[in-house]
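Enquirer: Below are the structure tokens for one structure; questions will follow.
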Amino acid sequence: YMLRRTITHAIARRTAATRAMSSATTSNVWKGYAPVPDTPDGFTARFAVSAETPNGVDVIMEQWAKGSAEPPHSHPGDDMTVVVEGKMAVQFFTKSSDGSLVKDGEPLILNKGDAGHIDGGRIHDATYLEDCKLVYVHDKSFGFVNQPSGK
């Protein structure tokens, strides 16, 4: 039973990484880092979006109550969510020719300690299966684009 559970979990993580459309290697969240003066060798950083750093990142500390949900939406830039506490599900969607949303695969489940990367423009929703504390990082300025079904 434990071996089956471990293998199933490993497959789910691999599948989840593929379905999320990006990873720590490919997501723009992890690009644009630069050395910081007067810090140890090997340290680079990317700072929050501001007038001085328009290509920075927005970082949002989020708390969601169990049972709450976000409607289908997308973001203009890549994002990364780290689950500090709790459990959440992300469902991806595509748009059909009539504009209605069609589920794209099974929901991606993120547990405490997991990180999910989503490409900018990828339609998804989120359901919070447990109380959650998240660290959310968005490439450049944050944006939320509601994606109502065309029907």
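Residues in the structure tokens are named by chain (A, B, ... in the order shown) and by number from 1 within that chain; ligands are numbered from 1 in the order shown.
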Identify all residues of region 8-94 of chain A in alpha helix (DSSP H) (DSSP on the backbone) and supply them as a ChimeraX atom specification.

Expert: /A:8-19

Enquirer: Determine, for each residue of region 103-140 of chain A having at least one atom at most 12 Å from an atom of region 44-51 of chain A, the closest pair of atoms and their separation in Å to one decimal, counting only C-alpha atoms; order by chain and ascending number, as a tab-separated table.

Expert:
residue	atom	partner	partner_atom	distance
A:Val137	CA	A:Ala48	CA	9.7
A:His138	CA	A:Ala48	CA	9.7
A:Asp139	CA	A:Val49	CA	9.0
A:Lys140	CA	A:Val49	CA	6.1

Enquirer: Show which residues sit within 9 Å of region 56-71 of chain A, as JSON, numbers by chain. Count only C-alpha atoms, and ignore same-chain residues fewer than 3 positions away.

Expert: {"A": [29, 32, 33, 46, 47, 48, 49, 50, 53, 86, 87, 88, 124, 125, 126, 127, 128, 129, 130, 131, 132, 133, 134, 135, 136, 137, 138, 139, 140, 141, 142, 146, 147, 148]}

Enquirer: For Asp78 (chain A), list every protein, DNA or RNA residue within 6 Å, evaluated using only C-alpha atoms, and leave out those in the same chain fewer than 3 positions away; present the list as a list in words.

Expert: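 With the cut-off at 6 Å, the set is Asn28, Ile118, Asp119, Gly120 and Asp139 of chain A.
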